There are 2 protein chains.
Amino acid sequence: MCTIMKSTICPKYEAAFSLLGKRWIGMIIKVLFDGSCRFKDLNERIPNISQKVLAERLKELEGCGLIQRECGDEKPVKIIYSLTQKGRDLQLVLEAVGTWAENWMNQSDQH
Amino acid sequence: MCTIMKSTICPKYEAAFSLLGKRWIGMIIKVLFDGSCRFKDLNERIPNISQKVLAERLKELEGCGLIQRECGDEKPVKIIYSLTQKGRDLQLVLEAVGTWAENWMNQSDQH
DNA sequence: GGATGATGCTTACTTTTTGTAAGTAACTTT
DNA sequence: AAAGTTACTTACAAAAAGTAAGCATCATCC
């Protein structure tokens, strides 16, 4: 019943979970997967996220190369956030979470 | 370049990310995937987690049906934590994270 | 048989992270 | 010229996490 293995968690796994396991990160990536967009779009599409934390997370994600921030040189500056290849490569993760959520998350679980 | 969609994130996705996106949750599930084990084993295998937060997370995970806590009636009480079906169903998620981590996480990313 | 150790936590207190609300700077629309 | 939009930042409060010690229940050691 109790399978004993003395090994500690793999460092790459650990690094991945430390990043992906941060509050809001999953949702930000999911929204960007559905289409590149602007700060205010992210802010609207992710319920309850604060602008402060959204700004922080976007910087973190940009810093570790998951998303990119581009501002065209139009008159009212328009900043677009989009996934990089590293971010797009999370597709299988997002799909797997989606499937699991469909199967196991019902309204009674929300707290 | 900017694909506009006005929809907000799906509630089930949101609920899933709120849970799975909590600090340490991914790692706890990963360790339990490698084998059911005891409190102190989890504590040893997950670097830097505090006993306080580990205890909290285990209660949360039990509360939402991802893991189960069993104590046999042997003399020195031995408590074993293991995944439920709901928890085991996260296999694809864990595998996808593992693959992504292998491809994209190198030592320089750890901070 | 009292001392020491293991296990599975809890408690009190500090530090870090989040949240809230308001503010700001640049530019547009009315 | 006033009011609005976008993309943030800032100051302050609340919540979560970290730290270290404590505790109850057994078990073993001298």
# chains A, B, ... in the order shown; residues from 1 in each chain; ligands from 1
$ closest_atom_pairs --of "chain C" --to "chain B" --cutoff "9 Å" --atoms "only C-alpha atoms (C1' of nucleotides)" --output "Markdown table"
| residue | atom | partner | partner_atom | distance |
| --- | --- | --- | --- | --- |
| C:DT7 | C1' | B:Lys40 | CA | 7.5 |
| C:DG8 | C1' | B:Phe39 | CA | 6.8 |
| C:DC9 | C1' | B:Ala55 | CA | 7.3 |
| C:DT10 | C1' | B:Lys52 | CA | 8.1 |
$ write_last_selection --atoms "N, CA and C atoms (P, O5', C5', C4', C3', O3' and C1' of nucleotides)" --output "mmCIF file, in the first residue's frame"
data_model
loop_
_atom_site.group_PDB
_atom_site.id
_atom_site.type_symbol
_atom_site.label_atom_id
_atom_site.label_comp_id
_atom_site.auth_asym_id
_atom_site.auth_seq_id
_atom_site.Cartn_x
_atom_site.Cartn_y
_atom_site.Cartn_z
ATOM 1 P P DT C 7 10.213 8.711 11.640
ATOM 2 O "O5'" DT C 7 8.727 9.103 12.028
ATOM 3 C "C5'" DT C 7 7.860 8.102 12.521
ATOM 4 C "C4'" DT C 7 6.532 8.733 12.932
ATOM 5 C "C3'" DT C 7 5.938 9.690 11.901
ATOM 6 O "O3'" DT C 7 4.633 9.231 11.603
ATOM 7 C "C1'" DT C 7 5.889 10.630 14.062
ATOM 8 P P DG C 8 3.835 9.804 10.366
ATOM 9 O "O5'" DG C 8 2.962 10.952 11.061
ATOM 10 C "C5'" DG C 8 1.920 10.582 11.964
ATOM 11 C "C4'" DG C 8 1.275 11.834 12.512
ATOM 12 C "C3'" DG C 8 0.925 12.892 11.443
ATOM 13 O "O3'" DG C 8 -0.341 13.467 11.748
ATOM 14 C "C1'" DG C 8 2.217 13.857 13.090
ATOM 15 P P DC C 9 -1.195 14.130 10.552
ATOM 16 O "O5'" DC C 9 -0.508 15.449 10.158
ATOM 17 C "C5'" DC C 9 -0.468 16.776 10.708
ATOM 18 C "C4'" DC C 9 -0.567 16.887 12.194
ATOM 19 C "C3'" DC C 9 -0.921 18.299 12.593
ATOM 20 O "O3'" DC C 9 -2.279 18.376 13.002
ATOM 21 C "C1'" DC C 9 0.958 17.492 13.838
ATOM 22 P P DT C 10 -2.960 19.840 12.923
ATOM 23 O "O5'" DT C 10 -2.368 20.622 14.179
ATOM 24 C "C5'" DT C 10 -2.675 20.193 15.503
ATOM 25 C "C4'" DT C 10 -2.124 21.210 16.505
ATOM 26 C "C3'" DT C 10 -2.633 22.644 16.302
ATOM 27 O "O3'" DT C 10 -3.041 23.113 17.591
ATOM 28 C "C1'" DT C 10 -0.256 22.612 16.318
#
$ calpha_fit_and_write --fixed "chain A" --moving "chain B" --output "short mmCIF file (atom, residue, chain, number, x, y, z; two decimals) with C-alpha atoms, in the first residue's frame"
data_model
loop_
_atom_site.label_atom_id
_atom_site.label_comp_id
_atom_site.auth_asym_id
_atom_site.auth_seq_id
_atom_site.Cartn_x
_atom_site.Cartn_y
_atom_site.Cartn_z
CA MET B 1 0.02 -0.12 -0.03
CA CYS B 2 2.88 2.22 0.76
CA THR B 3 5.41 2.38 -2.04
CA ILE B 4 8.57 3.69 -0.53
CA MET B 5 10.99 5.73 -2.61
CA LYS B 6 13.56 7.89 -0.97
CA SER B 7 14.17 10.29 -3.84
CA THR B 8 13.34 13.92 -3.59
CA ILE B 9 11.37 15.65 -6.28
CA CYS B 10 13.33 16.39 -9.50
CA PRO B 11 14.69 19.96 -9.65
CA LYS B 12 13.21 20.69 -13.05
CA TYR B 13 9.79 19.57 -11.89
CA GLU B 14 10.24 21.65 -8.81
CA ALA B 15 11.18 24.72 -10.82
CA ALA B 16 8.22 24.18 -13.12
CA PHE B 17 5.77 23.83 -10.26
CA SER B 18 7.19 26.84 -8.46
CA LEU B 19 6.44 28.91 -11.52
CA LEU B 20 3.23 27.38 -12.81
CA GLY B 21 1.93 26.92 -9.29
CA LYS B 22 1.90 30.63 -8.57
CA ARG B 23 -1.44 32.26 -8.14
CA TRP B 24 -2.99 33.48 -11.43
CA ILE B 25 -0.21 32.18 -13.68
CA GLY B 26 -2.30 29.33 -15.08
CA MET B 27 -5.20 31.58 -15.86
CA ILE B 28 -3.06 34.23 -17.50
CA ILE B 29 -1.51 31.65 -19.78
CA LYS B 30 -4.90 30.13 -20.55
CA VAL B 31 -6.33 33.49 -21.56
CA LEU B 32 -3.32 34.25 -23.73
CA PHE B 33 -3.74 30.86 -25.31
CA ASP B 34 -7.19 31.90 -26.43
CA GLY B 35 -5.60 34.93 -28.09
CA SER B 36 -2.98 37.59 -27.57
CA CYS B 37 -4.37 40.61 -25.86
CA ARG B 38 -3.91 43.78 -23.90
CA PHE B 39 -3.54 44.47 -20.22
CA LYS B 40 -7.13 45.49 -19.72
CA ASP B 41 -8.40 42.44 -21.62
CA LEU B 42 -6.50 40.13 -19.29
CA ASN B 43 -7.80 42.14 -16.38
CA GLU B 44 -11.38 41.72 -17.59
CA ARG B 45 -11.17 38.09 -18.55
CA ILE B 46 -9.59 36.88 -15.34
CA PRO B 47 -12.17 37.39 -12.61
CA ASN B 48 -10.94 39.05 -9.45
CA ILE B 49 -7.31 39.53 -10.36
CA SER B 50 -5.98 42.88 -9.21
CA GLN B 51 -4.12 45.15 -11.58
CA LYS B 52 -1.21 45.19 -9.20
CA VAL B 53 -0.70 41.44 -9.24
CA LEU B 54 -1.49 41.20 -12.95
CA ALA B 55 1.28 43.69 -13.67
CA GLU B 56 3.66 41.75 -11.44
CA ARG B 57 2.84 38.41 -13.05
CA LEU B 58 3.20 39.75 -16.56
CA LYS B 59 6.68 40.96 -15.70
CA GLU B 60 7.58 37.61 -14.20
CA LEU B 61 6.23 35.72 -17.19
CA GLU B 62 8.09 38.00 -19.55
CA GLY B 63 11.21 37.64 -17.44
CA CYS B 64 11.21 33.89 -17.73
CA GLY B 65 10.37 33.92 -21.40
CA LEU B 66 6.83 32.58 -21.39
CA ILE B 67 5.23 35.68 -22.83
CA GLN B 68 6.32 38.69 -24.80
CA ARG B 69 5.27 42.29 -24.54
CA GLU B 70 5.06 44.26 -27.74
CA CYS B 71 4.10 47.86 -28.21
CA GLY B 72 3.45 48.99 -31.73
CA ASP B 73 4.37 52.59 -32.52
CA GLU B 74 0.83 53.73 -33.21
CA LYS B 75 -0.38 56.95 -31.67
CA PRO B 76 -2.24 55.71 -28.60
CA VAL B 77 0.34 53.17 -27.51
CA LYS B 78 -1.13 49.71 -27.75
CA ILE B 79 0.62 47.00 -25.81
CA ILE B 80 -0.01 43.41 -26.76
CA TYR B 81 0.89 40.43 -24.63
CA SER B 82 1.33 37.08 -26.33
CA LEU B 83 2.80 33.67 -25.65
CA THR B 84 6.28 32.72 -26.81
CA GLN B 85 7.07 29.22 -28.02
CA LYS B 86 7.95 28.28 -24.46
CA GLY B 87 4.53 29.44 -23.40
CA ARG B 88 2.71 27.80 -26.29
CA ASP B 89 4.44 24.55 -25.40
CA LEU B 90 2.24 24.43 -22.33
CA GLN B 91 -0.67 23.48 -24.56
CA LEU B 92 -0.75 19.87 -23.40
CA VAL B 93 -0.72 21.00 -19.79
CA LEU B 94 -3.64 23.33 -20.37
CA GLU B 95 -5.56 20.71 -22.29
CA ALA B 96 -5.00 18.15 -19.56
CA VAL B 97 -6.15 20.59 -16.91
CA GLY B 98 -9.18 21.40 -19.04
CA THR B 99 -10.17 17.76 -19.39
CA TRP B 100 -9.68 17.12 -15.71
CA ALA B 101 -11.68 20.20 -14.80
CA GLU B 102 -14.54 19.06 -17.04
CA ASN B 103 -14.56 15.66 -15.39
CA TRP B 104 -14.09 16.63 -11.78
CA MET B 105 -14.93 20.21 -11.12
CA ASN B 106 -18.54 20.84 -10.38
CA GLN B 107 -20.09 23.94 -8.98
CA SER B 108 -20.11 22.52 -5.45
CA ASP B 109 -16.31 22.46 -5.45
CA GLN B 110 -15.95 26.19 -5.85
CA HIS B 111 -15.02 27.91 -2.65
#
$ closest_atom_pairs --of "chain D" --to "chain B" --cutoff "12 Å" --atoms "only C-alpha atoms (C1' of nucleotides)" --output "CSV"
residue,atom,partner,partner_atom,distance
D:DA16,C1',B:Val53,CA,9.6
D:DA17,C1',B:Val53,CA,7.3
D:DG18,C1',B:Ser50,CA,7.1
D:DT19,C1',B:Ser50,CA,8.6
D:DA20,C1',B:Ser50,CA,10.9
D:DT25,C1',B:Pro76,CA,7.9
D:DC26,C1',B:Pro76,CA,5.4
D:DA27,C1',B:Pro76,CA,8.0
$ write_last_selection --atoms "C-alpha atoms (C1' of nucleotides)" --output "PDB file, in the first residue's frame"
ATOM      1  C1'  DA D  16      -0.897  33.617   3.481  1.00  0.00           C
ATOM      2  C1'  DA D  17       3.481  31.531   4.268  1.00  0.00           C
ATOM      3  C1'  DG D  18       7.773  30.829   6.859  1.00  0.00           C
ATOM      4  C1'  DT D  19      10.243  29.882  11.417  1.00  0.00           C
ATOM      5  C1'  DA D  20      10.916  27.812  15.475  1.00  0.00           C
ATOM      6  C1'  DT D  25       1.626   9.304  21.699  1.00  0.00           C
ATOM      7  C1'  DC D  26       4.068   5.511  21.265  1.00  0.00           C
ATOM      8  C1'  DA D  27       9.145   2.788  21.143  1.00  0.00           C
TER       9       DA D  27
END
$ atom_distance --atom1 "C1' of DG4 (chain D)" --atom2 "C1' of DA21 (chain C)"
19.1 Å
$ select_by_dssp --residues "chain A" --states "strand (DSSP E or B)" --output "number ranges by chain"
A: 37, 67-71, 79-83
$ atom_distance --atom1 "C1' of DT28 (chain C)" --atom2 "C1' of DT9 (chain D)"
22.0 Å
$ select_by_dssp --residues "region 46-96 of chain B" --states "alpha helix (DSSP H)" --output "list of chain:residue names"
B:Gln51, B:Lys52, B:Val53, B:Leu54, B:Ala55, B:Glu56, B:Arg57, B:Leu58, B:Lys59, B:Glu60, B:Leu61, B:Glu62, B:Gly63, B:Gln85, B:Lys86, B:Gly87, B:Arg88, B:Gln91, B:Leu92, B:Val93, B:Leu94, B:Glu95, B:Ala96
$ closest_residue --among "D:DA24, D:DA14, D:DA7, D:DC29" --to "DT18 (chain C)" --atoms "only C-alpha atoms (C1' of nucleotides)"
D:DA14
